[in-house]
>>> print(open('target-v1.txt').read())   # compact mmCIF, C-alpha atoms
# COMPACT_ATOMS: atom_id res chain seq x y z
CA MET A 1 83.96 81.41 137.90
CA LYS A 2 86.12 84.46 137.39
CA LYS A 3 85.44 87.39 135.11
CA ASN A 4 87.75 86.40 132.30
CA SER A 5 86.56 82.80 132.18
CA ILE A 6 83.37 83.81 130.33
CA LYS A 7 84.40 85.53 127.14
CA THR A 8 81.60 85.14 124.60
CA SER A 9 77.91 84.36 124.52
CA SER A 10 78.68 81.24 122.46
CA SER A 11 79.22 79.37 125.72
CA LEU A 12 75.52 79.75 126.62
CA GLU A 13 73.47 76.56 126.30
CA VAL A 14 69.97 77.64 125.25
CA LEU A 15 67.19 75.13 125.93
CA TYR A 16 64.15 77.19 124.87
CA GLU A 17 63.75 80.59 123.31
CA ASP A 18 61.01 82.82 121.94
CA ASN A 19 60.03 86.50 122.12
CA HIS A 20 58.97 86.15 125.77
CA LEU A 21 61.27 83.55 127.38
CA LEU A 22 64.83 82.39 127.41
CA VAL A 23 65.60 79.12 129.19
CA VAL A 24 69.25 78.12 129.59
CA ASN A 25 71.23 75.31 131.14
CA LYS A 26 73.20 76.96 133.92
CA PRO A 27 76.72 75.58 134.34
CA PRO A 28 77.94 74.88 137.90
CA GLY A 29 80.09 77.62 139.35
CA VAL A 30 78.35 80.51 137.58
CA LEU A 31 76.33 83.10 139.49
CA VAL A 32 72.81 83.87 138.29
CA GLN A 33 73.10 87.53 139.33
CA GLY A 34 76.13 89.61 140.19
CA ASP A 35 77.52 89.88 143.71
CA LYS A 36 80.50 91.40 145.50
CA THR A 37 82.91 88.97 143.79
CA GLY A 38 82.57 90.88 140.55
CA ASP A 39 82.37 87.63 138.58
CA ILE A 40 80.30 87.75 135.40
CA PRO A 41 76.80 86.40 136.14
CA LEU A 42 74.64 84.26 133.90
CA VAL A 43 72.12 87.06 133.33
CA ASP A 44 74.85 89.20 131.74
CA LEU A 45 75.95 86.32 129.54
CA ALA A 46 72.34 85.80 128.45
CA LYS A 47 71.91 89.51 127.67
CA ALA A 48 75.06 89.38 125.54
CA TYR A 49 73.65 86.39 123.68
CA ILE A 50 70.40 88.20 122.86
CA LYS A 51 72.17 91.41 121.89
CA GLN A 52 74.52 89.55 119.56
CA LYS A 53 71.92 87.22 118.00
CA TYR A 54 69.31 89.88 117.30
CA ASN A 55 71.71 92.81 116.81
CA LYS A 56 69.83 94.78 119.44
CA PRO A 57 70.90 98.38 120.07
CA GLY A 58 71.08 99.70 123.60
CA GLU A 59 70.49 97.74 126.78
CA VAL A 60 68.74 94.36 126.62
CA PHE A 61 65.88 93.68 129.05
CA LEU A 62 66.10 90.32 130.78
CA GLY A 63 64.23 89.60 134.00
CA VAL A 64 65.51 87.13 136.59
CA VAL A 65 62.55 84.95 137.57
CA HIS A 66 64.26 82.47 139.93
CA ARG A 67 67.75 81.43 140.95
CA LEU A 68 69.95 78.38 141.33
CA ASP A 69 72.76 78.18 143.87
CA ARG A 70 76.17 78.97 142.41
CA PRO A 71 77.58 75.40 142.64
CA THR A 72 74.46 73.81 141.11
CA SER A 73 73.52 73.41 137.45
CA GLY A 74 70.40 73.08 135.36
CA ALA A 75 67.34 74.67 133.77
CA LEU A 76 66.85 78.37 134.49
CA VAL A 77 64.27 80.68 132.90
CA PHE A 78 64.64 84.37 132.17
CA ALA A 79 61.83 86.72 131.07
CA ARG A 80 62.43 88.76 127.92
CA THR A 81 59.57 91.21 128.57
CA SER A 82 58.18 92.92 131.66
CA LYS A 83 54.79 91.28 131.04
CA ALA A 84 56.37 87.82 130.99
CA LEU A 85 58.37 88.66 134.12
CA SER A 86 55.33 89.69 136.18
CA ARG A 87 53.31 86.65 135.07
CA LEU A 88 56.15 84.22 135.72
CA ASN A 89 56.82 85.78 139.12
CA GLU A 90 53.19 85.11 140.02
CA GLN A 91 53.45 81.50 138.82
CA PHE A 92 56.48 80.86 141.00
CA LYS A 93 54.85 82.63 143.94
CA GLN A 94 51.69 80.52 143.63
CA ARG A 95 53.77 77.33 143.13
CA GLU A 96 52.19 76.67 139.76
CA THR A 97 55.52 75.64 138.30
CA GLN A 98 57.10 72.22 138.71
CA LYS A 99 60.82 71.86 139.44
CA VAL A 100 62.46 68.45 139.36
CA TYR A 101 66.06 68.05 140.45
CA TRP A 102 68.62 65.29 140.37
CA ALA A 103 70.85 64.95 143.42
CA ILE A 104 73.71 62.48 143.79
CA VAL A 105 74.09 61.70 147.47
CA GLU A 106 76.65 59.74 149.45
CA GLY A 107 75.68 56.17 150.28
CA ILE A 108 73.28 53.61 148.83
CA ASP A 109 71.09 52.74 151.82
CA LEU A 110 68.15 55.03 151.01
CA PRO A 111 64.41 54.49 150.69
CA ASN A 112 62.99 54.00 147.21
CA GLU A 113 60.77 57.05 147.66
CA THR A 114 59.63 59.32 150.46
CA ARG A 115 58.40 62.80 151.39
CA LEU A 116 60.49 65.06 153.59
CA THR A 117 58.82 67.76 155.68
CA HIS A 118 60.91 70.11 157.82
CA TRP A 119 60.88 73.57 159.31
CA MET A 120 63.74 75.57 157.86
CA ALA A 121 65.54 78.55 159.35
CA ARG A 122 68.09 80.61 157.46
CA ASN A 123 71.36 81.89 158.91
CA THR A 124 72.26 84.86 156.72
CA LYS A 125 75.74 85.30 158.23
CA GLN A 126 76.64 81.73 157.27
CA ASN A 127 74.59 81.82 154.04
CA LYS A 128 73.22 78.49 155.17
CA SER A 129 69.85 77.02 156.14
CA TYR A 130 69.01 74.44 158.78
CA ALA A 131 66.17 71.92 158.63
CA TYR A 132 64.36 71.01 161.87
CA ALA A 133 61.79 68.33 162.63
CA LYS A 134 59.63 70.83 164.54
CA LYS A 135 58.82 74.49 164.13
CA VAL A 136 61.47 76.86 165.52
CA PRO A 137 61.56 80.68 165.63
CA ASN A 138 61.67 82.33 162.19
CA SER A 139 61.29 79.01 160.39
CA LYS A 140 59.22 78.16 157.32
CA GLU A 141 57.77 74.82 156.30
CA ALA A 142 59.72 72.99 153.60
CA ILE A 143 58.42 69.97 151.67
CA LEU A 144 59.95 67.81 148.97
CA ASP A 145 59.40 64.36 147.53
CA PHE A 146 62.22 62.17 146.32
CA LYS A 147 62.57 58.78 144.71
CA ARG A 148 65.56 56.68 143.88
CA HIS A 149 66.53 57.30 140.25
CA LYS A 150 69.73 55.26 139.96
CA THR A 151 71.89 53.34 142.43
CA LEU A 152 75.60 53.67 141.73
CA GLU A 153 78.57 51.96 143.33
CA ARG A 154 78.95 54.31 146.31
CA TYR A 155 76.29 56.91 145.59
CA THR A 156 72.59 57.18 144.87
CA CYS A 157 71.02 59.50 142.32
CA LEU A 158 67.72 60.86 143.60
CA GLU A 159 64.95 62.53 141.62
CA VAL A 160 63.65 65.35 143.79
CA ASN A 161 60.30 67.09 143.30
CA LEU A 162 60.48 70.43 145.07
CA LEU A 163 57.11 71.41 146.56
CA THR A 164 58.25 74.60 148.32
CA GLY A 165 61.03 77.01 147.46
CA ARG A 166 63.23 77.67 150.48
CA HIS A 167 66.84 78.82 150.62
CA HIS A 168 69.14 75.80 150.08
CA GLN A 169 66.09 73.60 150.67
CA ILE A 170 67.22 70.39 148.98
CA ARG A 171 70.73 70.64 150.39
CA ALA A 172 69.54 71.24 153.95
CA GLN A 173 66.68 68.73 153.99
CA LEU A 174 68.71 65.87 152.52
CA THR A 175 71.55 66.59 154.94
CA ALA A 176 69.15 66.56 157.88
CA CYS A 177 68.30 62.96 156.94
CA GLY A 178 71.92 61.94 156.46
CA TYR A 179 71.84 62.08 152.67
CA THR A 180 74.66 64.52 151.89
CA ILE A 181 75.04 65.72 148.30
CA LYS A 182 78.36 64.83 146.72
CA GLY A 183 80.80 67.73 146.85
CA ASP A 184 78.67 69.89 149.16
CA LEU A 185 81.19 70.77 151.86
CA LYS A 186 78.90 73.47 153.28
CA TYR A 187 76.39 70.76 154.18
CA GLY A 188 78.76 68.05 155.35
CA ALA A 189 80.13 66.26 152.28
CA SER A 190 83.25 64.20 152.95
CA ARG A 191 85.20 65.99 150.20
CA SER A 192 84.77 68.71 147.61
CA ASN A 193 84.50 68.26 143.86
CA PRO A 194 87.60 69.38 141.93
CA ASN A 195 85.73 72.16 140.12
CA GLY A 196 83.90 73.42 143.20
CA SER A 197 80.52 72.17 141.99
CA ILE A 198 78.05 70.05 143.88
CA HIS A 199 76.09 67.16 142.37
CA LEU A 200 72.73 68.93 142.36
CA HIS A 201 71.10 69.61 139.00
CA ALA A 202 67.80 71.24 138.00
CA ARG A 203 66.77 68.51 135.59
CA LYS A 204 63.26 69.59 134.54
CA LEU A 205 61.28 72.82 134.64
CA SER A 206 57.57 72.91 133.76
CA LEU A 207 55.54 76.10 133.57
CA ILE A 208 52.66 77.79 131.79
CA HIS A 209 53.85 80.04 128.99
CA PRO A 210 53.08 83.59 130.16
CA VAL A 211 51.57 84.65 126.81
CA LYS A 212 50.59 81.49 124.91
CA LYS A 213 49.11 79.95 128.09
CA GLU A 214 50.43 76.54 127.05
CA LYS A 215 52.34 74.20 129.36
CA ILE A 216 55.99 73.81 128.45
CA SER A 217 58.47 71.41 129.98
CA ILE A 218 62.21 71.82 129.54
CA ILE A 219 64.80 69.16 130.33
CA ALA A 220 68.43 70.10 130.97
CA ALA A 221 71.29 67.66 130.47
CA PRO A 222 73.54 67.36 133.54
CA PRO A 223 77.23 68.28 133.39
CA LYS A 224 79.54 65.78 131.76
CA ASP A 225 81.24 63.57 134.31
CA ALA A 226 81.23 59.85 135.03
CA LEU A 227 78.61 59.98 137.81
CA TRP A 228 76.18 62.21 135.97
CA ASN A 229 76.64 60.19 132.79
CA ALA A 230 75.68 57.05 134.72
CA CYS A 231 72.42 58.71 135.81
CA VAL A 232 71.20 59.43 132.30
CA VAL A 233 69.13 56.44 131.33
CA GLU A 234 66.74 56.13 128.42
CA GLY A 235 63.42 57.81 129.12
CA SER A 236 64.60 59.61 132.27
>>> encode(input="target-v1.txt", output="structure tokens")
Amino acid sequence: MKKNSIKTSSSLEVLYEDNHLLVVNKPPGVLVQGDKTGDIPLVDLAKAYIKQKYNKPGEVFLGVVHRLDRPTSGALVFARTSKALSRLNEQFKQRETQKVYWAIVEGIDLPNETRLTHWMARNTKQNKSYAYAKKVPNSKEAILDFKRHKTLERYTCLEVNLLTGRHHQIRAQLTACGYTIKGDLKYGASRSNPNGSIHLHARKLSLIHPVKKEKISIIAAPPKDALWNACVVEGS
């Protein structure tokens, strides 16, 4: 998404907000943090939202706790204080959070539910990760569970419970099993999506509030298109 395509903070979809946290629904195509492209990242959009809403003078503090790949969408939490940031960082490090994704993959011949365990190695030059059945040099163990959420005409929507947090983990592990995410050319999809997105969405994020110490769970609606709309069923 180019610089001029994000003009005001009104385009930010806020899912949860208090003095310590800001949880938003990241649109596909938007960076979480800035890079060499110079495109406006989500963190800057969120800072603009806070500055405008609360009429804050000076620079707004907003800590990036975790990231989502640029072409993906879904629930993303920012920390509004340094205390919240350090406590949330520890939660993510200790895997005390729960992240549930939806992934629409090509084909319909998939198991109802299964666990995938691989050893993943990252290629920084390609900005890509590879999943192997056995340990290879510089690899880290990657584990996820998935179950069939909805069977569509030519695709299957999976609900993925991420148990480790590796670079491009869901994309690489599903591809290694022949379950390519729709639109994900980098990992072998048959064609791209018109808007450059991939059909991978961070559906639910559960964590312990860093100050109130209460569990909170946030659900993010997927982008509006025919396939995603077909995946949203009552109670899901």
>>> closest_residue(input="target-v1.txt", among="A:Asn161, A:Gln33, A:Thr156, A:Ser197", to="Leu227 of chain A", atoms="only C-alpha atoms")
A:Thr156
>>> atom_distance(input="target-v1.txt", atom1="atom CA of Arg122 of chain A", atom2="atom CA of Ile219 of chain A")
29.6 Å
>>> residues_near_point(input="target-v1.txt", point="(62.4, 70.3, 143.9)", cutoff="12 Å", atoms="all atoms listed in the file", output="ChimeraX atom specification")
/A:68,95,97-103,115-116,142-147,158-171,173-174,200-206
>>> write_last_selection(input="target-v1.txt", atoms="C-alpha atoms", output="PDB file, in the frame of the given file")
ATOM      1  CA  LEU A  68      69.950  78.380 141.330  1.00  0.00           C
ATOM      2  CA  ARG A  95      53.770  77.330 143.130  1.00  0.00           C
ATOM      3  CA  THR A  97      55.520  75.640 138.300  1.00  0.00           C
ATOM      4  CA  GLN A  98      57.100  72.220 138.710  1.00  0.00           C
ATOM      5  CA  LYS A  99      60.820  71.860 139.440  1.00  0.00           C
ATOM      6  CA  VAL A 100      62.460  68.450 139.360  1.00  0.00           C
ATOM      7  CA  TYR A 101      66.060  68.050 140.450  1.00  0.00           C
ATOM      8  CA  TRP A 102      68.620  65.290 140.370  1.00  0.00           C
ATOM      9  CA  ALA A 103      70.850  64.950 143.420  1.00  0.00           C
ATOM     10  CA  ARG A 115      58.400  62.800 151.390  1.00  0.00           C
ATOM     11  CA  LEU A 116      60.490  65.060 153.590  1.00  0.00           C
ATOM     12  CA  ALA A 142      59.720  72.990 153.600  1.00  0.00           C
ATOM     13  CA  ILE A 143      58.420  69.970 151.670  1.00  0.00           C
ATOM     14  CA  LEU A 144      59.950  67.810 148.970  1.00  0.00           C
ATOM     15  CA  ASP A 145      59.400  64.360 147.530  1.00  0.00           C
ATOM     16  CA  PHE A 146      62.220  62.170 146.320  1.00  0.00           C
ATOM     17  CA  LYS A 147      62.570  58.780 144.710  1.00  0.00           C
ATOM     18  CA  LEU A 158      67.720  60.860 143.600  1.00  0.00           C
ATOM     19  CA  GLU A 159      64.950  62.530 141.620  1.00  0.00           C
ATOM     20  CA  VAL A 160      63.650  65.350 143.790  1.00  0.00           C
ATOM     21  CA  ASN A 161      60.300  67.090 143.300  1.00  0.00           C
ATOM     22  CA  LEU A 162      60.480  70.430 145.070  1.00  0.00           C
ATOM     23  CA  LEU A 163      57.110  71.410 146.560  1.00  0.00           C
ATOM     24  CA  THR A 164      58.250  74.600 148.320  1.00  0.00           C
ATOM     25  CA  GLY A 165      61.030  77.010 147.460  1.00  0.00           C
ATOM     26  CA  ARG A 166      63.230  77.670 150.480  1.00  0.00           C
ATOM     27  CA  HIS A 167      66.840  78.820 150.620  1.00  0.00           C
ATOM     28  CA  HIS A 168      69.140  75.800 150.080  1.00  0.00           C
ATOM     29  CA  GLN A 169      66.090  73.600 150.670  1.00  0.00           C
ATOM     30  CA  ILE A 170      67.220  70.390 148.980  1.00  0.00           C
ATOM     31  CA  ARG A 171      70.730  70.640 150.390  1.00  0.00           C
ATOM     32  CA  GLN A 173      66.680  68.730 153.990  1.00  0.00           C
ATOM     33  CA  LEU A 174      68.710  65.870 152.520  1.00  0.00           C
ATOM     34  CA  LEU A 200      72.730  68.930 142.360  1.00  0.00           C
ATOM     35  CA  HIS A 201      71.100  69.610 139.000  1.00  0.00           C
ATOM     36  CA  ALA A 202      67.800  71.240 138.000  1.00  0.00           C
ATOM     37  CA  ARG A 203      66.770  68.510 135.590  1.00  0.00           C
ATOM     38  CA  LYS A 204      63.260  69.590 134.540  1.00  0.00           C
ATOM     39  CA  LEU A 205      61.280  72.820 134.640  1.00  0.00           C
ATOM     40  CA  SER A 206      57.570  72.910 133.760  1.00  0.00           C
TER      41      SER A 206
END
>>> residues_near_point(input="target-v1.txt", point="(75.0, 62.1, 151.3)", cutoff="12 Å", atoms="all atoms listed in the file", output="MDAnalysis selection string")
chainID A and resid 103:110 154:158 170:185 187:191 198:200
>>> atom_distance(input="target-v1.txt", atom1="atom CA of Lys150 of chain A", atom2="atom CA of Ala230 of chain A")
8.1 Å
>>> residues_around(input="target-v1.txt", residues="segment 12-22 of chain A", least_positions_apart="5", cutoff="10 Å", atoms="all atoms listed in the file", output="short mmCIF file (atom, residue, chain, number, x, y, z; two decimals) with C-alpha atoms, keeping the file's coordinate frame")
data_model
loop_
_atom_site.label_atom_id
_atom_site.label_comp_id
_atom_site.auth_asym_id
_atom_site.auth_seq_id
_atom_site.Cartn_x
_atom_site.Cartn_y
_atom_site.Cartn_z
CA ILE A 6 83.37 83.81 130.33
CA PRO A 27 76.72 75.58 134.34
CA LEU A 42 74.64 84.26 133.90
CA LEU A 45 75.95 86.32 129.54
CA ALA A 46 72.34 85.80 128.45
CA ALA A 48 75.06 89.38 125.54
CA TYR A 49 73.65 86.39 123.68
CA ILE A 50 70.40 88.20 122.86
CA LEU A 62 66.10 90.32 130.78
CA GLY A 63 64.23 89.60 134.00
CA ALA A 75 67.34 74.67 133.77
CA LEU A 76 66.85 78.37 134.49
CA VAL A 77 64.27 80.68 132.90
CA PHE A 78 64.64 84.37 132.17
CA ALA A 79 61.83 86.72 131.07
CA ARG A 80 62.43 88.76 127.92
CA THR A 81 59.57 91.21 128.57
CA SER A 82 58.18 92.92 131.66
CA LYS A 83 54.79 91.28 131.04
CA ALA A 84 56.37 87.82 130.99
CA LEU A 85 58.37 88.66 134.12
CA LEU A 88 56.15 84.22 135.72
CA HIS A 209 53.85 80.04 128.99
CA PRO A 210 53.08 83.59 130.16
CA VAL A 211 51.57 84.65 126.81
CA LYS A 212 50.59 81.49 124.91
CA ILE A 216 55.99 73.81 128.45
CA SER A 217 58.47 71.41 129.98
CA ILE A 218 62.21 71.82 129.54
CA ILE A 219 64.80 69.16 130.33
CA ALA A 220 68.43 70.10 130.97
CA ALA A 221 71.29 67.66 130.47
#
>>> atom_distance(input="target-v1.txt", atom1="atom CA of Ser86 of chain A", atom2="atom CA of Pro222 of chain A")
28.9 Å
>>> decode(input="target-v1.txt", residues="segment 62-99 of chain A", atoms="N, CA and C atoms", output="tab-separated table (two decimals), in the first residue's frame")
chain	number	residue	atom	x	y	z
A	62	LEU	N	3.91	4.17	21.10
A	62	LEU	CA	3.15	2.98	20.74
A	62	LEU	C	4.15	1.87	20.44
A	63	GLY	N	4.14	0.83	21.24
A	63	GLY	CA	5.11	-0.25	21.09
A	63	GLY	C	4.59	-1.37	20.23
A	64	VAL	N	5.42	-1.84	19.31
A	64	VAL	CA	5.06	-2.97	18.45
A	64	VAL	C	5.39	-4.26	19.19
A	65	VAL	N	4.37	-5.05	19.48
A	65	VAL	CA	4.53	-6.27	20.27
A	65	VAL	C	4.80	-7.48	19.37
A	66	HIS	N	4.10	-7.56	18.26
A	66	HIS	CA	4.27	-8.67	17.32
A	66	HIS	C	3.92	-8.15	15.93
A	67	ARG	N	4.08	-9.00	14.93
A	67	ARG	CA	3.88	-8.56	13.55
A	67	ARG	C	3.01	-9.56	12.80
A	68	LEU	N	2.44	-9.08	11.72
A	68	LEU	CA	1.77	-9.93	10.74
A	68	LEU	C	2.41	-9.64	9.39
A	69	ASP	N	2.55	-10.67	8.56
A	69	ASP	CA	3.12	-10.47	7.22
A	69	ASP	C	2.29	-9.44	6.45
A	70	ARG	N	2.96	-8.70	5.59
A	70	ARG	CA	2.29	-7.63	4.86
A	70	ARG	C	1.01	-8.09	4.14
A	71	PRO	N	1.00	-9.23	3.42
A	71	PRO	CA	-0.21	-9.59	2.69
A	71	PRO	C	-1.31	-10.22	3.54
A	72	THR	N	-1.07	-10.42	4.84
A	72	THR	CA	-2.08	-11.02	5.71
A	72	THR	C	-2.88	-9.93	6.42
A	73	SER	N	-3.95	-10.37	7.08
A	73	SER	CA	-4.83	-9.44	7.79
A	73	SER	C	-5.08	-9.98	9.20
A	74	GLY	N	-5.74	-9.15	10.03
A	74	GLY	CA	-6.20	-9.67	11.30
A	74	GLY	C	-5.78	-8.91	12.54
A	75	ALA	N	-6.05	-9.53	13.69
A	75	ALA	CA	-5.88	-8.89	14.99
A	75	ALA	C	-4.40	-8.66	15.32
A	76	LEU	N	-4.09	-7.42	15.69
A	76	LEU	CA	-2.72	-7.04	16.01
A	76	LEU	C	-2.76	-6.10	17.21
A	77	VAL	N	-1.92	-6.39	18.23
A	77	VAL	CA	-1.93	-5.58	19.45
A	77	VAL	C	-0.71	-4.68	19.50
A	78	PHE	N	-0.95	-3.44	19.91
A	78	PHE	CA	0.11	-2.49	20.21
A	78	PHE	C	0.05	-2.16	21.70
A	79	ALA	N	1.21	-1.81	22.28
A	79	ALA	CA	1.28	-1.40	23.68
A	79	ALA	C	1.33	0.13	23.76
A	80	ARG	N	0.50	0.70	24.62
A	80	ARG	CA	0.44	2.16	24.74
A	80	ARG	C	1.36	2.70	25.83
A	81	THR	N	1.96	1.82	26.62
A	81	THR	CA	2.92	2.23	27.65
A	81	THR	C	4.12	1.29	27.61
A	82	SER	N	5.24	1.75	28.14
A	82	SER	CA	6.44	0.92	28.17
A	82	SER	C	6.25	-0.28	29.09
A	83	LYS	N	5.50	-0.10	30.18
A	83	LYS	CA	5.22	-1.22	31.09
A	83	LYS	C	4.41	-2.30	30.37
A	84	ALA	N	3.39	-1.89	29.64
A	84	ALA	CA	2.58	-2.86	28.89
A	84	ALA	C	3.43	-3.56	27.83
A	85	LEU	N	4.31	-2.82	27.19
A	85	LEU	CA	5.16	-3.39	26.14
A	85	LEU	C	6.06	-4.48	26.71
A	86	SER	N	6.72	-4.21	27.82
A	86	SER	CA	7.65	-5.21	28.38
A	86	SER	C	6.90	-6.45	28.85
A	87	ARG	N	5.72	-6.27	29.43
A	87	ARG	CA	4.95	-7.41	29.92
A	87	ARG	C	4.37	-8.23	28.76
A	88	LEU	N	3.92	-7.56	27.73
A	88	LEU	CA	3.40	-8.28	26.57
A	88	LEU	C	4.52	-9.01	25.82
A	89	ASN	N	5.67	-8.36	25.71
A	89	ASN	CA	6.81	-9.02	25.08
A	89	ASN	C	7.14	-10.33	25.79
A	90	GLU	N	7.07	-10.32	27.11
A	90	GLU	CA	7.36	-11.52	27.89
A	90	GLU	C	6.29	-12.59	27.65
A	91	GLN	N	5.03	-12.16	27.56
A	91	GLN	CA	3.95	-13.12	27.27
A	91	GLN	C	4.17	-13.82	25.93
A	92	PHE	N	4.50	-13.04	24.93
A	92	PHE	CA	4.71	-13.63	23.60
A	92	PHE	C	5.94	-14.53	23.61
A	93	LYS	N	6.98	-14.11	24.32
A	93	LYS	CA	8.20	-14.91	24.40
A	93	LYS	C	7.94	-16.25	25.08
A	94	GLN	N	7.13	-16.23	26.13
A	94	GLN	CA	6.83	-17.45	26.90
A	94	GLN	C	5.66	-18.24	26.30
A	95	ARG	N	5.14	-17.78	25.17
A	95	ARG	CA	4.02	-18.44	24.48
A	95	ARG	C	2.78	-18.56	25.36
A	96	GLU	N	2.53	-17.51	26.11
A	96	GLU	CA	1.35	-17.48	26.98
A	96	GLU	C	0.14	-16.89	26.25
A	97	THR	N	0.35	-16.41	25.07
A	97	THR	CA	-0.75	-15.90	24.27
A	97	THR	C	-1.28	-17.02	23.37
A	98	GLN	N	-2.48	-16.85	22.86
A	98	GLN	CA	-3.04	-17.81	21.91
A	98	GLN	C	-3.40	-17.05	20.63
A	99	LYS	N	-2.90	-17.57	19.50
A	99	LYS	CA	-3.18	-16.96	18.20
A	99	LYS	C	-3.85	-17.98	17.31
